[in-house]
Every structure is written in structure tokens, then in C-alpha cells.
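Engineer: Data file model-v8.pdb (PDB, C-alpha atoms, pLDDT in the B column) is appended below.
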```pdb
MODEL        1
ATOM      1  CA  MET O   1       1.615 -22.605  14.619  1.00 45.00           C
ATOM      2  CA  ARG O   2       4.344 -19.928  14.752  1.00 57.00           C
ATOM      3  CA  THR O   3       3.247 -16.312  14.757  1.00 71.00           C
ATOM      4  CA  SER O   4       4.228 -13.935  11.969  1.00 82.00           C
ATOM      5  CA  PRO O   5       7.762 -12.473  12.279  1.00 90.00           C
ATOM      6  CA  THR O   6       6.255  -8.958  12.250  1.00 92.00           C
ATOM      7  CA  ARG O   7       3.695  -9.467  15.031  1.00 91.00           C
ATOM      8  CA  ILE O   8       5.963  -8.111  17.740  1.00 95.00           C
ATOM      9  CA  MET O   9       4.490  -4.703  18.555  1.00 95.00           C
ATOM     10  CA  GLY O  10       5.021  -5.095  22.292  1.00 96.00           C
ATOM     11  CA  ARG O  11       8.734  -5.648  21.805  1.00 96.00           C
ATOM     12  CA  ARG O  12       8.916  -2.818  19.260  1.00 97.00           C
ATOM     13  CA  VAL O  13       7.439  -0.352  21.754  1.00 97.00           C
ATOM     14  CA  ALA O  14       9.857  -1.544  24.454  1.00 97.00           C
ATOM     15  CA  ALA O  15      12.817  -1.256  22.042  1.00 98.00           C
ATOM     16  CA  TRP O  16      11.746   2.269  21.073  1.00 97.00           C
ATOM     17  CA  LEU O  17      11.578   3.312  24.724  1.00 97.00           C
ATOM     18  CA  ILE O  18      15.075   1.930  25.330  1.00 98.00           C
ATOM     19  CA  ASP O  19      16.433   3.767  22.291  1.00 98.00           C
ATOM     20  CA  ALA O  20      14.696   7.003  23.314  1.00 96.00           C
ATOM     21  CA  VAL O  21      16.353   6.834  26.734  1.00 97.00           C
ATOM     22  CA  VAL O  22      19.786   6.031  25.237  1.00 97.00           C
ATOM     23  CA  ALA O  23      19.698   8.627  22.444  1.00 96.00           C
ATOM     24  CA  GLY O  24      17.918  11.349  24.413  1.00 94.00           C
ATOM     25  CA  GLY O  25      20.042  10.776  27.492  1.00 96.00           C
ATOM     26  CA  ALA O  26      23.244  11.134  25.480  1.00 95.00           C
ATOM     27  CA  VAL O  27      22.096  14.493  24.060  1.00 94.00           C
ATOM     28  CA  TRP O  28      21.191  15.867  27.473  1.00 93.00           C
ATOM     29  CA  VAL O  29      24.453  14.708  29.040  1.00 93.00           C
ATOM     30  CA  VAL O  30      26.438  16.500  26.327  1.00 93.00           C
ATOM     31  CA  PHE O  31      24.291  19.626  26.693  1.00 92.00           C
ATOM     32  CA  PHE O  32      24.878  19.906  30.426  1.00 89.00           C
ATOM     33  CA  LEU O  33      28.603  19.311  29.931  1.00 90.00           C
ATOM     34  CA  VAL O  34      29.054  22.116  27.411  1.00 90.00           C
ATOM     35  CA  ALA O  35      26.331  24.624  28.414  1.00 89.00           C
ATOM     36  CA  ASP O  36      26.888  27.578  30.735  1.00 86.00           C
ATOM     37  CA  LYS O  37      24.936  27.725  33.968  1.00 85.00           C
ATOM     38  CA  VAL O  38      23.284  31.155  34.284  1.00 80.00           C
ATOM     39  CA  PRO O  39      20.710  32.900  36.477  1.00 77.00           C
ATOM     40  CA  SER O  40      17.167  32.237  35.296  1.00 68.00           C
ATOM     41  CA  ASP O  41      16.459  35.927  34.771  1.00 67.00           C
ATOM     42  CA  ALA O  42      19.384  36.078  32.329  1.00 63.00           C
ATOM     43  CA  VAL O  43      17.725  33.660  29.878  1.00 60.00           C
ATOM     44  CA  THR O  44      15.932  35.304  26.971  1.00 63.00           C
ATOM     45  CA  ASP O  45      14.066  33.787  24.049  1.00 61.00           C
ATOM     46  CA  SER O  46      16.332  33.769  21.009  1.00 60.00           C
ATOM     47  CA  SER O  47      16.599  31.771  17.806  1.00 57.00           C
ATOM     48  CA  SER O  48      20.372  31.615  18.336  1.00 56.00           C
ATOM     49  CA  GLN O  49      20.097  30.147  21.809  1.00 75.00           C
ATOM     50  CA  ALA O  50      19.574  26.701  23.339  1.00 81.00           C
ATOM     51  CA  HIS O  51      18.516  26.752  26.957  1.00 76.00           C
ATOM     52  CA  PHE O  52      16.953  24.613  29.665  1.00 82.00           C
ATOM     53  CA  THR O  53      15.556  25.579  33.062  1.00 79.00           C
ATOM     54  CA  LEU O  54      14.898  23.231  35.967  1.00 74.00           C
ATOM     55  CA  ASN O  55      13.923  24.131  39.526  1.00 75.00           C
ATOM     56  CA  GLY O  56      14.969  27.734  39.065  1.00 76.00           C
ATOM     57  CA  GLU O  57      18.384  26.856  37.610  1.00 81.00           C
ATOM     58  CA  SER O  58      19.159  27.476  33.944  1.00 86.00           C
ATOM     59  CA  TRP O  59      21.744  26.346  31.409  1.00 87.00           C
ATOM     60  CA  GLN O  60      22.253  27.882  27.996  1.00 88.00           C
ATOM     61  CA  LEU O  61      24.310  27.952  24.832  1.00 89.00           C
ATOM     62  CA  GLU O  62      24.368  31.019  22.621  1.00 86.00           C
ATOM     63  CA  GLY O  63      25.309  31.933  19.090  1.00 86.00           C
ATOM     64  CA  ALA O  64      27.667  29.609  17.206  1.00 89.00           C
ATOM     65  CA  ALA O  65      27.885  27.197  20.151  1.00 88.00           C
ATOM     66  CA  ALA O  66      24.102  26.738  20.164  1.00 88.00           C
ATOM     67  CA  THR O  67      24.005  26.288  16.386  1.00 90.00           C
ATOM     68  CA  LEU O  68      26.813  23.736  16.485  1.00 93.00           C
ATOM     69  CA  PHE O  69      25.190  21.812  19.320  1.00 92.00           C
ATOM     70  CA  LEU O  70      21.807  21.636  17.555  1.00 92.00           C
ATOM     71  CA  THR O  71      23.407  20.662  14.225  1.00 94.00           C
ATOM     72  CA  VAL O  72      25.510  17.887  15.771  1.00 94.00           C
ATOM     73  CA  SER O  73      22.499  16.666  17.787  1.00 95.00           C
ATOM     74  CA  LEU O  74      20.384  16.438  14.627  1.00 95.00           C
ATOM     75  CA  ALA O  75      23.145  14.603  12.724  1.00 96.00           C
ATOM     76  CA  ALA O  76      23.648  12.186  15.628  1.00 96.00           C
ATOM     77  CA  SER O  77      19.903  11.523  15.810  1.00 96.00           C
ATOM     78  CA  LEU O  78      19.720  10.762  12.078  1.00 97.00           C
ATOM     79  CA  PHE O  79      22.658   8.388  12.455  1.00 98.00           C
ATOM     80  CA  TYR O  80      21.197   6.623  15.499  1.00 98.00           C
ATOM     81  CA  TRP O  81      17.615   6.308  14.217  1.00 97.00           C
ATOM     82  CA  GLY O  82      18.298   6.095  10.475  1.00 97.00           C
ATOM     83  CA  VAL O  83      21.795   5.230   9.263  1.00 98.00           C
ATOM     84  CA  LEU O  84      22.653   2.686  11.981  1.00 97.00           C
ATOM     85  CA  PRO O  85      19.503   0.522  11.634  1.00 97.00           C
ATOM     86  CA  GLY O  86      19.588   1.004   7.865  1.00 97.00           C
ATOM     87  CA  MET O  87      23.113  -0.372   7.563  1.00 97.00           C
ATOM     88  CA  THR O  88      23.027  -3.041  10.291  1.00 96.00           C
ATOM     89  CA  GLY O  89      19.329  -3.728  10.890  1.00 96.00           C
ATOM     90  CA  TRP O  90      19.518  -2.839  14.562  1.00 96.00           C
ATOM     91  CA  THR O  91      19.682  -0.134  17.203  1.00 97.00           C
ATOM     92  CA  PRO O  92      20.707  -0.954  20.780  1.00 97.00           C
ATOM     93  CA  GLY O  93      17.045  -1.280  21.746  1.00 97.00           C
ATOM     94  CA  LYS O  94      16.227  -3.584  18.826  1.00 97.00           C
ATOM     95  CA  ARG O  95      19.295  -5.705  19.446  1.00 97.00           C
ATOM     96  CA  LEU O  96      18.479  -6.081  23.141  1.00 97.00           C
ATOM     97  CA  LEU O  97      14.908  -7.128  22.336  1.00 97.00           C
ATOM     98  CA  GLY O  98      15.882  -9.506  19.497  1.00 96.00           C
ATOM     99  CA  LEU O  99      14.502  -7.411  16.619  1.00 97.00           C
ATOM    100  CA  ARG O 100      15.848  -6.291  13.253  1.00 96.00           C
ATOM    101  CA  LEU O 101      14.924  -3.738  10.601  1.00 97.00           C
ATOM    102  CA  VAL O 102      14.875  -5.390   7.158  1.00 95.00           C
ATOM    103  CA  ARG O 103      13.538  -5.099   3.657  1.00 91.00           C
ATOM    104  CA  ALA O 104      11.308  -7.714   2.058  1.00 88.00           C
ATOM    105  CA  ASP O 105      14.129 -10.220   1.447  1.00 85.00           C
ATOM    106  CA  GLY O 106      15.314 -10.102   5.062  1.00 88.00           C
ATOM    107  CA  SER O 107      18.464  -8.031   4.418  1.00 90.00           C
ATOM    108  CA  PRO O 108      19.282  -4.630   6.000  1.00 93.00           C
ATOM    109  CA  PRO O 109      17.497  -1.882   4.050  1.00 95.00           C
ATOM    110  CA  GLY O 110      20.477   0.451   3.631  1.00 96.00           C
ATOM    111  CA  ALA O 111      21.255   3.900   4.992  1.00 97.00           C
ATOM    112  CA  GLY O 112      18.985   5.757   2.558  1.00 97.00           C
ATOM    113  CA  LYS O 113      15.867   3.830   3.464  1.00 97.00           C
ATOM    114  CA  GLY O 114      16.802   4.002   7.112  1.00 97.00           C
ATOM    115  CA  VAL O 115      17.014   7.807   6.992  1.00 97.00           C
ATOM    116  CA  VAL O 116      13.721   8.100   5.069  1.00 97.00           C
ATOM    117  CA  ARG O 117      12.047   5.869   7.661  1.00 97.00           C
ATOM    118  CA  SER O 118      13.511   7.980  10.454  1.00 97.00           C
ATOM    119  CA  LEU O 119      12.395  11.300   8.935  1.00 97.00           C
ATOM    120  CA  LEU O 120       8.821  10.009   8.690  1.00 97.00           C
ATOM    121  CA  TRP O 121       8.626  10.113  12.498  1.00 96.00           C
ATOM    122  CA  VAL O 122       7.350  13.645  11.822  1.00 96.00           C
ATOM    123  CA  VAL O 123       4.119  11.844  10.860  1.00 96.00           C
ATOM    124  CA  ASP O 124       4.311   8.683  12.961  1.00 97.00           C
ATOM    125  CA  GLY O 125       5.243  10.667  16.070  1.00 95.00           C
ATOM    126  CA  PHE O 126       2.013  12.695  16.079  1.00 94.00           C
ATOM    127  CA  PRO O 127       0.452  13.781  18.442  1.00 93.00           C
ATOM    128  CA  TYR O 128       3.700  14.867  20.022  1.00 89.00           C
ATOM    129  CA  PHE O 129       2.302  14.982  23.556  1.00 90.00           C
ATOM    130  CA  LEU O 130       1.800  11.205  23.170  1.00 90.00           C
ATOM    131  CA  PRO O 131       4.736  10.294  20.870  1.00 91.00           C
ATOM    132  CA  GLY O 132       4.211   7.565  18.300  1.00 93.00           C
ATOM    133  CA  LEU O 133       0.429   7.167  18.636  1.00 95.00           C
ATOM    134  CA  ILE O 134      -0.240   7.571  14.908  1.00 96.00           C
ATOM    135  CA  GLY O 135       2.612   5.200  14.029  1.00 96.00           C
ATOM    136  CA  PHE O 136       1.316   2.605  16.485  1.00 96.00           C
ATOM    137  CA  ILE O 137      -2.272   2.810  15.173  1.00 96.00           C
ATOM    138  CA  VAL O 138      -1.149   2.614  11.534  1.00 96.00           C
ATOM    139  CA  ALA O 139       1.188  -0.331  12.237  1.00 95.00           C
ATOM    140  CA  MET O 140      -1.515  -2.249  14.114  1.00 95.00           C
ATOM    141  CA  SER O 141      -3.918  -1.779  11.201  1.00 93.00           C
ATOM    142  CA  THR O 142      -1.565  -3.232   8.549  1.00 92.00           C
ATOM    143  CA  PRO O 143      -0.979  -6.966   7.948  1.00 88.00           C
ATOM    144  CA  ARG O 144       2.803  -6.765   8.402  1.00 90.00           C
ATOM    145  CA  ARG O 145       2.822  -4.085  11.103  1.00 94.00           C
ATOM    146  CA  GLN O 146       4.251  -1.215   9.049  1.00 96.00           C
ATOM    147  CA  ARG O 147       4.021   2.346  10.337  1.00 97.00           C
ATOM    148  CA  VAL O 148       3.975   5.203   7.808  1.00 97.00           C
ATOM    149  CA  GLY O 149       7.780   5.360   7.701  1.00 97.00           C
ATOM    150  CA  ASP O 150       7.973   1.621   6.991  1.00 97.00           C
ATOM    151  CA  GLN O 151       5.399   1.833   4.211  1.00 96.00           C
ATOM    152  CA  VAL O 152       7.230   4.672   2.461  1.00 96.00           C
ATOM    153  CA  ALA O 153      10.699   3.110   2.894  1.00 96.00           C
ATOM    154  CA  ARG O 154       9.361  -0.439   2.290  1.00 95.00           C
ATOM    155  CA  THR O 155      10.910  -1.741   5.482  1.00 97.00           C
ATOM    156  CA  PHE O 156       9.791  -4.182   8.161  1.00 96.00           C
ATOM    157  CA  VAL O 157      10.656  -4.829  11.798  1.00 97.00           C
ATOM    158  CA  VAL O 158      10.903  -8.569  12.446  1.00 95.00           C
ATOM    159  CA  ARG O 159      12.273 -11.037  14.940  1.00 94.00           C
ATOM    160  CA  ALA O 160      16.042 -11.348  14.454  1.00 92.00           C
ATOM    161  CA  GLY O 161      16.951 -14.061  11.944  1.00 86.00           C
ATOM    162  CA  GLU O 162      13.594 -13.995  10.152  1.00 87.00           C
ATOM    163  CA  ALA O 163      12.158 -12.289   7.099  1.00 84.00           C
ATOM    164  CA  PRO O 164       8.682 -10.776   6.642  1.00 86.00           C
ATOM    165  CA  GLU O 165       6.098 -13.095   5.169  1.00 72.00           C
ATOM    166  CA  SER O 166       4.941 -12.324   1.664  1.00 64.00           C
ATOM    167  CA  GLU O 167       1.418 -10.922   1.495  1.00 56.00           C
ATOM    168  CA  GLU O 168       0.901 -12.702  -1.803  1.00 44.00           C
ATOM    169  CA  ARG O 169       2.312 -16.105  -0.829  1.00 47.00           C
ATOM    170  CA  PRO O 170       2.687 -16.413   2.929  1.00 47.00           C
ATOM    171  CA  LEU O 171       4.756 -19.232   4.351  1.00 49.00           C
ATOM    172  CA  ALA O 172       2.517 -22.090   5.359  1.00 51.00           C
ATOM    173  CA  SER O 173       3.380 -23.475   8.785  1.00 49.00           C
ATOM    174  CA  ASP O 174       2.410 -26.984   7.709  1.00 47.00           C
ATOM    175  CA  ALA O 175       4.235 -26.968   4.365  1.00 54.00           C
ATOM    176  CA  ALA O 176       6.650 -29.516   5.837  1.00 55.00           C
ATOM    177  CA  PRO O 177       5.594 -32.417   8.086  1.00 55.00           C
ATOM    178  CA  ARG O 178       5.527 -31.561  11.750  1.00 57.00           C
ATOM    179  CA  SER O 179       7.782 -34.530  12.389  1.00 66.00           C
ATOM    180  CA  ALA O 180      10.313 -33.499   9.740  1.00 74.00           C
ATOM    181  CA  PRO O 181      13.820 -32.943  11.131  1.00 81.00           C
ATOM    182  CA  ALA O 182      15.592 -29.636  10.670  1.00 81.00           C
ATOM    183  CA  GLY O 183      17.027 -29.320   7.173  1.00 80.00           C
ATOM    184  CA  TRP O 184      16.678 -27.881   3.676  1.00 82.00           C
ATOM    185  CA  TYR O 185      13.389 -28.419   1.824  1.00 79.00           C
ATOM    186  CA  ALA O 186      11.688 -27.048  -1.285  1.00 79.00           C
ATOM    187  CA  ASP O 187      10.530 -23.498  -0.664  1.00 75.00           C
ATOM    188  CA  PRO O 188       6.826 -23.577   0.289  1.00 74.00           C
ATOM    189  CA  ARG O 189       6.231 -20.429  -1.756  1.00 67.00           C
ATOM    190  CA  GLY O 190       6.828 -22.465  -4.910  1.00 63.00           C
ATOM    191  CA  GLU O 191      10.037 -20.661  -5.852  1.00 66.00           C
ATOM    192  CA  GLN O 192      12.947 -22.572  -7.366  1.00 69.00           C
ATOM    193  CA  ARG O 193      15.118 -22.670  -4.252  1.00 75.00           C
ATOM    194  CA  LEU O 194      15.461 -24.366  -0.895  1.00 80.00           C
ATOM    195  CA  ARG O 195      14.382 -22.943   2.449  1.00 78.00           C
ATOM    196  CA  TYR O 196      15.606 -24.067   5.854  1.00 79.00           C
ATOM    197  CA  TRP O 197      13.126 -25.777   8.191  1.00 78.00           C
ATOM    198  CA  ASP O 198      14.340 -25.595  11.828  1.00 77.00           C
ATOM    199  CA  GLY O 199      12.134 -28.431  13.042  1.00 75.00           C
ATOM    200  CA  GLU O 200       9.323 -26.104  14.093  1.00 72.00           C
ATOM    201  CA  GLY O 201       8.851 -23.664  11.251  1.00 73.00           C
ATOM    202  CA  TRP O 202      10.354 -22.043   8.167  1.00 73.00           C
ATOM    203  CA  THR O 203      13.237 -19.584   8.616  1.00 77.00           C
ATOM    204  CA  ALA O 204      14.518 -16.685   6.495  1.00 74.00           C
ATOM    205  CA  HIS O 205      17.506 -18.758   5.281  1.00 77.00           C
ATOM    206  CA  VAL O 206      17.322 -19.804   1.619  1.00 76.00           C
ATOM    207  CA  ALA O 207      19.692 -21.489  -0.839  1.00 78.00           C
ATOM    208  CA  PRO O 208      19.712 -21.937  -4.649  1.00 71.00           C
TER
ENDMDL
END
```
Kindly present the structure from the file in C-alpha cells form.
Structural biologist:
Amino acid sequence: MRTSPTRIMGRRVAAWLIDAVVAGGAVWVVFFLVADKVPSDAVTDSSSQAHFTLNGESWQLEGAAATLFLTVSLAASLFYWGVLPGMTGWTPGKRLLGLRLVRADGSPPGAGKGVVRSLLWVVDGFPYFLPGLIGFIVAMSTPRRQRVGDQVARTFVVRAGEAPESEERPLASDAAPRSAPAGWYADPRGEQRLRYWDGEGWTAHVAP
């Protein structure tokens, strides 16, 4: 029996770690390229300043440069975590791990839903010293592994090429004979359409 397309939490965590390294690394590289290196005792706390200190060495941006850097970083983060997966279904991490972000019919959810899902990391990311713990617990406690952001945006993370199973009428793994060759068969959910059987289980591909 094939497992549910959404029961992939291990791969989701790995994909998130990859994306965090890619997105976070890009921000830090840009910061160090554009920031000024200054003596540590020259750094002061200021709302118009972005600074970082490591091993007694400090880098900072002040005034308009700091504001521009933070604004562009926020916009880039929303694009990477929200718009990109919303429009295409993937981020680099998801694509590498064979995952996609979809809505209930298996199609990309769109930029709006992607951004909403991304913004809800303010909840799913808590507690911030252990990022994503709440999201992981919530996802593991729901039938189709939806964190808070997924529940609000009505999105799902699934194996690439598949769609989330319906909670009301899940796909039965034995709805077609085990010996049946790959091909189009009546949809096991009872809907007036055909669904493709790949020889082992039902796929997300349907036809009138």
C-alpha cells in the first residue's frame, strides 16, 4: 500500500534546512559585500543601523543604506518563501527533495496563498530559539500534515506529481486490481472522470 502523498515530514524538514541555508546565506553574502567594516567600539545601537559583530570585528550599514538593505532583504525573503513556491510549487529545497506546494486539486496555489503561508511562519516558527517547532507539531497532528500557514492558505506539501488525498473520499489503494496495467480507469472517488493508475497506485493525473 502506498503512503499518503503528504506523509513526508522528514523530507520537508530537510528541504526547509536547505532553503534556509540558501536564502540566509545569500542575505549574509550581500550584507558583507555592501557593509562597512568598523572598529567594534564604533558600533552603537540604532534603529537606522544594521550591524554584525564576530570575533571582535564588526560590519555595519547606517541610515538609508541600512533601510534599503533591510527592505530588499524582506522583499527577497517573501519572494523566495512565498511568491516562488506559490507560482511554481517549489523552492530549491523542495525541488531537490522531490516535493511540491499545491492546493487541493494538485495545482500551484498562486502567489497570494504562497505569501500568506510564508507570513504565517511568525506562528509556525515559534519558539524562535528552536525554529519551526510549533509548525512541526501542528503538521504532525493533522491528517494531511498541514502547519498553521498551510491551514490558513489551504495548501499542502506533497510528493512531486501527486495531489493530496481528500479527507472525505480518500483514494483507495485497491480500487483497481493489483495486476492491472498502467492506464486510465474510473476515478475511485466516484467522480465522473478518469484517473491514471501507474501500475502501483493512483496518481494526481485526471481526465474528463
Engineer: Any idea what the distance is between atom CA of Arg117 of chain O and atom CA of Ser4 of chain O?
Structural biologist: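 These two atoms are separated by 21.7 Å.
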Engineer: Let me know the residues the PyMOL selection byres ((chain O and resi 35) around 8) catches in the file above, as an mmCIF file with C-alpha atoms, keeping the file's coordinate frame.
Structural biologist:
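Here's the written file out.cif:
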```cif
data_model
loop_
_atom_site.group_PDB
_atom_site.id
_atom_site.type_symbol
_atom_site.label_atom_id
_atom_site.label_comp_id
_atom_site.auth_asym_id
_atom_site.auth_seq_id
_atom_site.Cartn_x
_atom_site.Cartn_y
_atom_site.Cartn_z
ATOM 1 C CA PHE O 31 24.291 19.626 26.693
ATOM 2 C CA PHE O 32 24.878 19.906 30.426
ATOM 3 C CA LEU O 33 28.603 19.311 29.931
ATOM 4 C CA VAL O 34 29.054 22.116 27.411
ATOM 5 C CA ASP O 36 26.888 27.578 30.735
ATOM 6 C CA LYS O 37 24.936 27.725 33.968
ATOM 7 C CA TRP O 59 21.744 26.346 31.409
ATOM 8 C CA GLN O 60 22.253 27.882 27.996
ATOM 9 C CA LEU O 61 24.310 27.952 24.832
#
```
Engineer: Taking 2 positions as the minimum chain separation for residues in the same chain, which residues sit within 9 Å of segment 151-168 of chain O when counting only C-alpha atoms? Answer as a VMD selection string.
Structural biologist: chain O and resid 4 to 8 12 89 94 to 95 97 to 109 112 to 117 120 143 to 149 170 to 171 189 202 to 205
Engineer: Name the residues that the PyMOL selection byres ((chain O and resi 65) around 9) pulls out of this structure, and write them as a list in words.
Structural biologist: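 That selection, the PyMOL selection byres ((chain O and resi 65) around 9), comes back as Val34, Ala35, Ser48, Gln49, Ala50, Leu61, Glu62, Gly63, Ala64, Ala66, Thr67, Leu68, Phe69 and Leu70 of chain O.
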Engineer: For Ala180 of chain O, please output as a PyMOL selection string all residues within 10 Å (counting all atoms listed in the file; exclusion window: fewer than 5 positions along the same chain).
Structural biologist: chain O and resi 185+197-200
Engineer: So how far away is atom CA of Leu17 of chain O from atom CA of Gly93 of chain O, in Å?
Structural biologist: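 Taking atom CA of Gly93 of chain O and atom CA of Leu17 of chain O, their separation equals 7.7 Å.
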Engineer: At what distance in Å, to one decimal, does atom CA of Ala76 of chain O lie from atom CA of Phe52 of chain O?
Structural biologist: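 It comes out at 19.9 Å.
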Engineer: Restricting the calculation to all atoms listed in the file: of O:Trp184, O:Gly125, O:Ser73, O:Asp150, which residue gets closest to Trp28 of chain O?
Structural biologist: O:Ser73
